[in-house]
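Trainee: Please find one structure pasted underneath; my questions will follow.
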Amino acid sequence: MEKKEITLQIDRHTVSVPEGTMILEAARKVGINIPTLCHINLEGTCIKSTPASCRICVVEVEGRKNLAPACATRCTEGMVVKTSTLRVMNARKVIAELILSDHPNDCLTCPKSGNCELQALAVRFNVREMPYAGGELSLRKREVTASIVRNMDKCIFCRRCESVCNEVQTVGALGAVRRGFNTTIAPAFDKKLSESECTYCGQCVAVCPVGALTERDHTNRLVEDLENPDKVVLVQTAPAVRVALGESFGMEPGTIVTGKMVMALRELGFNYVFDTDFAADLTIMEEGAEVLDRLTRFLDGDRSVALPILTSCCPAWVNFFEHYFPDMLDIPSTARSPQQMFGSIAKSYWAEKMGIPREKLVVVSIMPCLAKKYECDREEFKVDGNPDVDYSISTRELATLIKRANIDFASLPDSEFDMPLGASTGAGVIFGASGGVMEAALRSVYEIYTGNTLEKVDFETVRGMDGFRKATVDLNGFELKVGIAHGLGNARKLLEEIRRHQCEYHVIEIMACPGGCIGGGGQPLHHGHAEVLKARAEAIYREDAGKPIRKSHENPYIQQLYEECLGKPLSEKAHHLLHTHYFNKSKGL
């Protein structure tokens, strides 16, 4: 049922909005930019936080004595709102000054300097003195994990991280602890983040307006490795990076910068520049074979087969089910993520072909995801203590490094990936968007199962930004039912259905972040702009459409890898190099 339209006055504008609209949204409709700090709402995704805790967005409402928070005050018929009176301007400035009075003034060395919302507000409100300075700052914890750095001295209690962690992702790793000036945002019982159920998805980092939550930076370590003449440093780049990196250099969201990115990596000094898309194709070969194996056994009457089979490309999602659903560890595919498949192949097959000792190789990944940093550090992905992927840097870290190297990114010529680990298909590219892993798998599973050639490789029913989508694919009379979810809140609902034996799907793709990897916690920040995610997704599919080969099993270098090294999918050697197992992490939560 359509909502009733109401009319109100905001400054000099007459505005008509649906009943229930907040003043903030109504003001934005007519181009009035009311400042916010705790508020965030990405329409078209699951990210929303409206705690009204900071009061930076206060406005005057005629007939109301106190100032009203625009983000949490509903519009009413005939309401008269003033957004820029002297009273409003003074209140906002005083609130900002009070927040700054308990905030470190180390902007020069803060990781968020230049991209800090509090810093921007201080400039906007012309805060040039600290009238409330002189008191002692409330000392709070600082913690460095494999993926995330928490510096609670910088926390302004906007509660964005708490909202996204608890309400959107349903992880529950963050909340208010203690009271008064000693209040902090932390895991229950003030535990360390590394001791909590945190999945390292990084969405808390993506929404944090200040430097309280940032990624663990590996760029200085990378520069040292690039300078070391005794090391051979190679890099792999995830598909979602190439459609977002340009934003850090003033380009429109959705600009594809693959060639410039490769050239920039060469300029930085990497010995070899490879593509994670190659490993994405390899993932489809292994994961697709696993899907076909389980389905075939199920159709032959084996009811012990674990169905539905769940994708395992996303390390934050893997961490989530290890913590919350340890009774279902047999359901996800055992295939490693593309990042880890790449590292394993690079330090075995490729290193042997090149005659380079494993210990001399440094494998670095460029990822849109902060959980990838943690994934590199998992013990099962190491050989005698030497990791398959040494470490991962985010899209944001790569942009920072390119600027640090004084590289004029926009004017760079295009360059091609090195072979053979730089060869990929369109199926590998679409891993970067929610539904992409499923679509890539369907392209190969269909042809291998039916023996027929797909006339149209686009499975558009699995695409989109809805939190959960489903489709049915006809495999020579067998109806394969597939589901796609992004956001861990949606994943939890699906897993609870599976646990209750109420799930009808055979294959399910799950990604932890909104939109999939394009909305990863390590991507250029897009606070309040859901259209950015849509533009990135559209770019992913444009790159796919322009590829000469669009099915993973047709990648000639993947075929060569199986001929020379692996034999066939799910072989003993493939299991050793490309598969993994999972752990019960629920203890102590």
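Please note that chains go A, B, ... in the order of the structure tokens, that every chain numbers its residues from 1, and that ligands are numbered from 1 in the order shown.
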Which parts of range 289-500 of chain A does DSSP call alpha helix (DSSP H) when run on the backbone here, written out as number ranges by chain?
Mentor: A: 289-299, 315-324, 338-345, 351-354, 371-376, 395-404, 426-429, 436-450, 488-499
Trainee: Give me the residues within 6 Å of range 408-417 of chain A as a list in words, counting only C-alpha atoms and dropping any in the same chain fewer than 2 places off.
Mentor: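 Listed by chain and then number, they are Gly259, Lys260, Val262, Met263, Val273, Phe274 and Gly422 of chain A.
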Trainee: Hey, can you spit out that residue selection with N, CA and C atoms as a PDB file, in the first residue's frame?
Mentor:
```
ATOM      1  N   GLY A 259      44.026  -2.114 -16.937  1.00  0.00           N
ATOM      2  CA  GLY A 259      45.328  -1.896 -17.567  1.00  0.00           C
ATOM      3  C   GLY A 259      46.195  -0.908 -16.808  1.00  0.00           C
ATOM      4  N   LYS A 260      45.595   0.179 -16.323  1.00  0.00           N
ATOM      5  CA  LYS A 260      46.347   1.172 -15.553  1.00  0.00           C
ATOM      6  C   LYS A 260      46.824   0.574 -14.222  1.00  0.00           C
ATOM      7  N   VAL A 262      47.554  -2.573 -13.616  1.00  0.00           N
ATOM      8  CA  VAL A 262      48.692  -3.461 -13.894  1.00  0.00           C
ATOM      9  C   VAL A 262      49.957  -2.642 -14.108  1.00  0.00           C
ATOM     10  N   MET A 263      49.821  -1.547 -14.865  1.00  0.00           N
ATOM     11  CA  MET A 263      50.989  -0.697 -15.128  1.00  0.00           C
ATOM     12  C   MET A 263      51.506  -0.069 -13.837  1.00  0.00           C
ATOM     13  N   VAL A 273      53.190  -9.569 -12.294  1.00  0.00           N
ATOM     14  CA  VAL A 273      51.834  -9.090 -11.988  1.00  0.00           C
ATOM     15  C   VAL A 273      50.836 -10.099 -12.543  1.00  0.00           C
ATOM     16  N   PHE A 274      50.142 -10.778 -11.653  1.00  0.00           N
ATOM     17  CA  PHE A 274      49.198 -11.831 -12.020  1.00  0.00           C
ATOM     18  C   PHE A 274      47.776 -11.435 -11.611  1.00  0.00           C
ATOM     19  N   GLY A 422      48.095 -15.015 -15.233  1.00  0.00           N
ATOM     20  CA  GLY A 422      47.331 -13.790 -15.464  1.00  0.00           C
ATOM     21  C   GLY A 422      46.207 -13.992 -16.460  1.00  0.00           C
TER      22      GLY A 422
END
```
Trainee: For Ala176 in chain A, which residue out of A:Phe278, A:Phe125, A:Phe189, A:Tyr391 is the nearest one, using only C-alpha atoms?
Mentor: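 Result for the nearest residue to Ala176 in chain A: A:Phe189.
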Trainee: Please report, as JSON lines, each residue of range 461-502 of chain A lying at most 12 Å from range 528-544 of chain A, together with the nearest pair of atoms and the separation in Å rounded to one decimal; use only C-alpha atoms, and order rows by chain and ascending residue number.
Mentor:
```
{"residue": "A:Arg463", "atom": "CA", "partner": "A:Ala537", "partner_atom": "CA", "distance": 9.3}
{"residue": "A:Gly464", "atom": "CA", "partner": "A:Ala537", "partner_atom": "CA", "distance": 8.6}
{"residue": "A:Met465", "atom": "CA", "partner": "A:Lys534", "partner_atom": "CA", "distance": 7.9}
{"residue": "A:Asp466", "atom": "CA", "partner": "A:Lys534", "partner_atom": "CA", "distance": 11.5}
```
Trainee: Mind pulling up the distance from CA of Lys373 in chain A to CA of Tyr272 in chain A?
Mentor: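 Separating CA of Tyr272 in chain A from CA of Lys373 in chain A is a distance of 20.6 Å.
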Trainee: Find the residue from A:Ser53, A:Asn90, A:Thr21, A:Thr255 that sits nearest to Ile156 in chain A; use only C-alpha atoms when measuring.
Mentor: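 Smallest distance to Ile156 in chain A is found for A:Ser53.
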Trainee: Return as JSON lines the residues of range 431-456 of chain A lying at most 8 Å from range 483-497 of chain A, together with the closest atom-to-atom pair for each and the distance in Å to one decimal, counting only C-alpha atoms, with rows in chain order and ascending residue number.
Mentor:
```
{"residue": "A:Ser434", "atom": "CA", "partner": "A:His486", "partner_atom": "CA", "distance": 6.5}
{"residue": "A:Gly435", "atom": "CA", "partner": "A:Ile484", "partner_atom": "CA", "distance": 6.0}
{"residue": "A:Met438", "atom": "CA", "partner": "A:Ile484", "partner_atom": "CA", "distance": 7.5}
```
Trainee: Would you pick out the contacts of Val473 in chain A at 9 Å or less, using only C-alpha atoms, so that residues sharing its chain but fewer than 2 positions from it are not included, and give the list as a PyMOL selection string?
Mentor: chain A and resi 442+446+471+475+478-482
Trainee: For C-alpha atoms, I'd like the residues from the last selection saved as a PDB file, in the first residue's frame.
Mentor:
```
ATOM      1  CA  LEU A 442      26.470 -22.429 -13.628  1.00  0.00           C
ATOM      2  CA  TYR A 446      25.611 -26.731 -17.110  1.00  0.00           C
ATOM      3  CA  ALA A 471      16.778 -19.213  -9.447  1.00  0.00           C
ATOM      4  CA  LEU A 475      19.878 -29.474 -16.348  1.00  0.00           C
ATOM      5  CA  PHE A 478      16.729 -31.941 -13.440  1.00  0.00           C
ATOM      6  CA  GLU A 479      15.760 -28.645 -11.816  1.00  0.00           C
ATOM      7  CA  LEU A 480      18.810 -27.282 -10.028  1.00  0.00           C
ATOM      8  CA  LYS A 481      17.677 -24.807  -7.371  1.00  0.00           C
ATOM      9  CA  VAL A 482      20.202 -22.152  -6.411  1.00  0.00           C
TER      10      VAL A 482
END
```
Trainee: Which polymer residues have any atom within 10 Å of an atom of His103 in chain A, counting only C-alpha atoms, with same-chain residues fewer than 3 positions away left out, as a ChimeraX atom specification?
Mentor: /A:97-100,106,133,137-138,152-156
Trainee: Could you save those same residues with N, CA and C atoms as an mmCIF file, in the first residue's frame?
Mentor:
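Wrote it out as out.cif, contents follow:
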```
data_model
loop_
_atom_site.group_PDB
_atom_site.id
_atom_site.type_symbol
_atom_site.label_atom_id
_atom_site.label_comp_id
_atom_site.auth_asym_id
_atom_site.auth_seq_id
_atom_site.Cartn_x
_atom_site.Cartn_y
_atom_site.Cartn_z
ATOM 1 N N GLU A 97 32.807 20.532 19.227
ATOM 2 C CA GLU A 97 33.880 20.882 20.167
ATOM 3 C C GLU A 97 33.907 19.918 21.356
ATOM 4 N N LEU A 98 32.729 19.522 21.829
ATOM 5 C CA LEU A 98 32.672 18.580 22.942
ATOM 6 C C LEU A 98 33.211 17.205 22.537
ATOM 7 N N ILE A 99 32.889 16.774 21.327
ATOM 8 C CA ILE A 99 33.411 15.497 20.833
ATOM 9 C C ILE A 99 34.934 15.574 20.724
ATOM 10 N N LEU A 100 35.428 16.693 20.206
ATOM 11 C CA LEU A 100 36.873 16.856 20.027
ATOM 12 C C LEU A 100 37.612 16.967 21.356
ATOM 13 N N ASP A 106 45.933 14.028 16.925
ATOM 14 C CA ASP A 106 47.103 13.536 16.183
ATOM 15 C C ASP A 106 46.745 13.330 14.710
ATOM 16 N N ALA A 133 39.123 22.138 26.041
ATOM 17 C CA ALA A 133 40.357 21.370 26.186
ATOM 18 C C ALA A 133 40.932 21.541 27.582
ATOM 19 N N LEU A 137 42.069 12.943 28.604
ATOM 20 C CA LEU A 137 41.363 12.040 27.701
ATOM 21 C C LEU A 137 41.111 10.720 28.412
ATOM 22 N N SER A 138 39.961 10.122 28.120
ATOM 23 C CA SER A 138 39.649 8.802 28.670
ATOM 24 C C SER A 138 40.484 7.767 27.931
ATOM 25 N N MET A 152 40.536 2.751 20.430
ATOM 26 C CA MET A 152 39.340 3.285 21.063
ATOM 27 C C MET A 152 39.524 4.668 21.651
ATOM 28 N N ASP A 153 40.773 5.162 21.707
ATOM 29 C CA ASP A 153 40.977 6.558 22.082
ATOM 30 C C ASP A 153 40.323 7.496 21.068
ATOM 31 N N LYS A 154 40.192 7.029 19.846
ATOM 32 C CA LYS A 154 39.621 7.857 18.782
ATOM 33 C C LYS A 154 38.110 7.681 18.629
ATOM 34 N N CYS A 155 37.538 6.727 19.361
ATOM 35 C CA CYS A 155 36.115 6.414 19.211
ATOM 36 C C CYS A 155 35.257 7.603 19.668
ATOM 37 N N ILE A 156 34.255 7.969 18.883
ATOM 38 C CA ILE A 156 33.352 9.076 19.221
ATOM 39 C C ILE A 156 31.955 8.569 19.577
#
```
Trainee: Let me make sure I understand: among A:Ala427, A:Ala173, A:Val462, A:Met261, which one has the smallest atom-to-atom distance to Phe320 in chain A if we use only C-alpha atoms?
Mentor: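 Nearest to Phe320 in chain A: A:Ala173.
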Trainee: Could you give me, as CSV, a per-residue list for range 340-443 of chain A showing, wherever an atom lies at most 8 Å from an atom of range 202-221 of chain A, the closest pair of atoms and their distance in Å to one decimal, using only C-alpha atoms and sorting by chain then residue number from low to high?
Mentor:
```
residue,atom,partner,partner_atom,distance
A:Cys369,CA,A:Gly202,CA,7.1
A:Leu370,CA,A:Gly202,CA,5.5
A:Ala371,CA,A:Gly202,CA,6.9
A:Tyr391,CA,A:His218,CA,7.6
A:Ser392,CA,A:His218,CA,7.4
A:Ile393,CA,A:His218,CA,6.2
A:Glu397,CA,A:Thr219,CA,6.7
A:Leu398,CA,A:Thr219,CA,7.9
A:Leu401,CA,A:Thr219,CA,6.8
```
Trainee: Would you work out the distance separating CA of Pro524 in chain A from CA of Pro253 in chain A, expressed in Å to one decimal?
Mentor: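 CA of Pro524 in chain A sits 9.9 Å away from CA of Pro253 in chain A.
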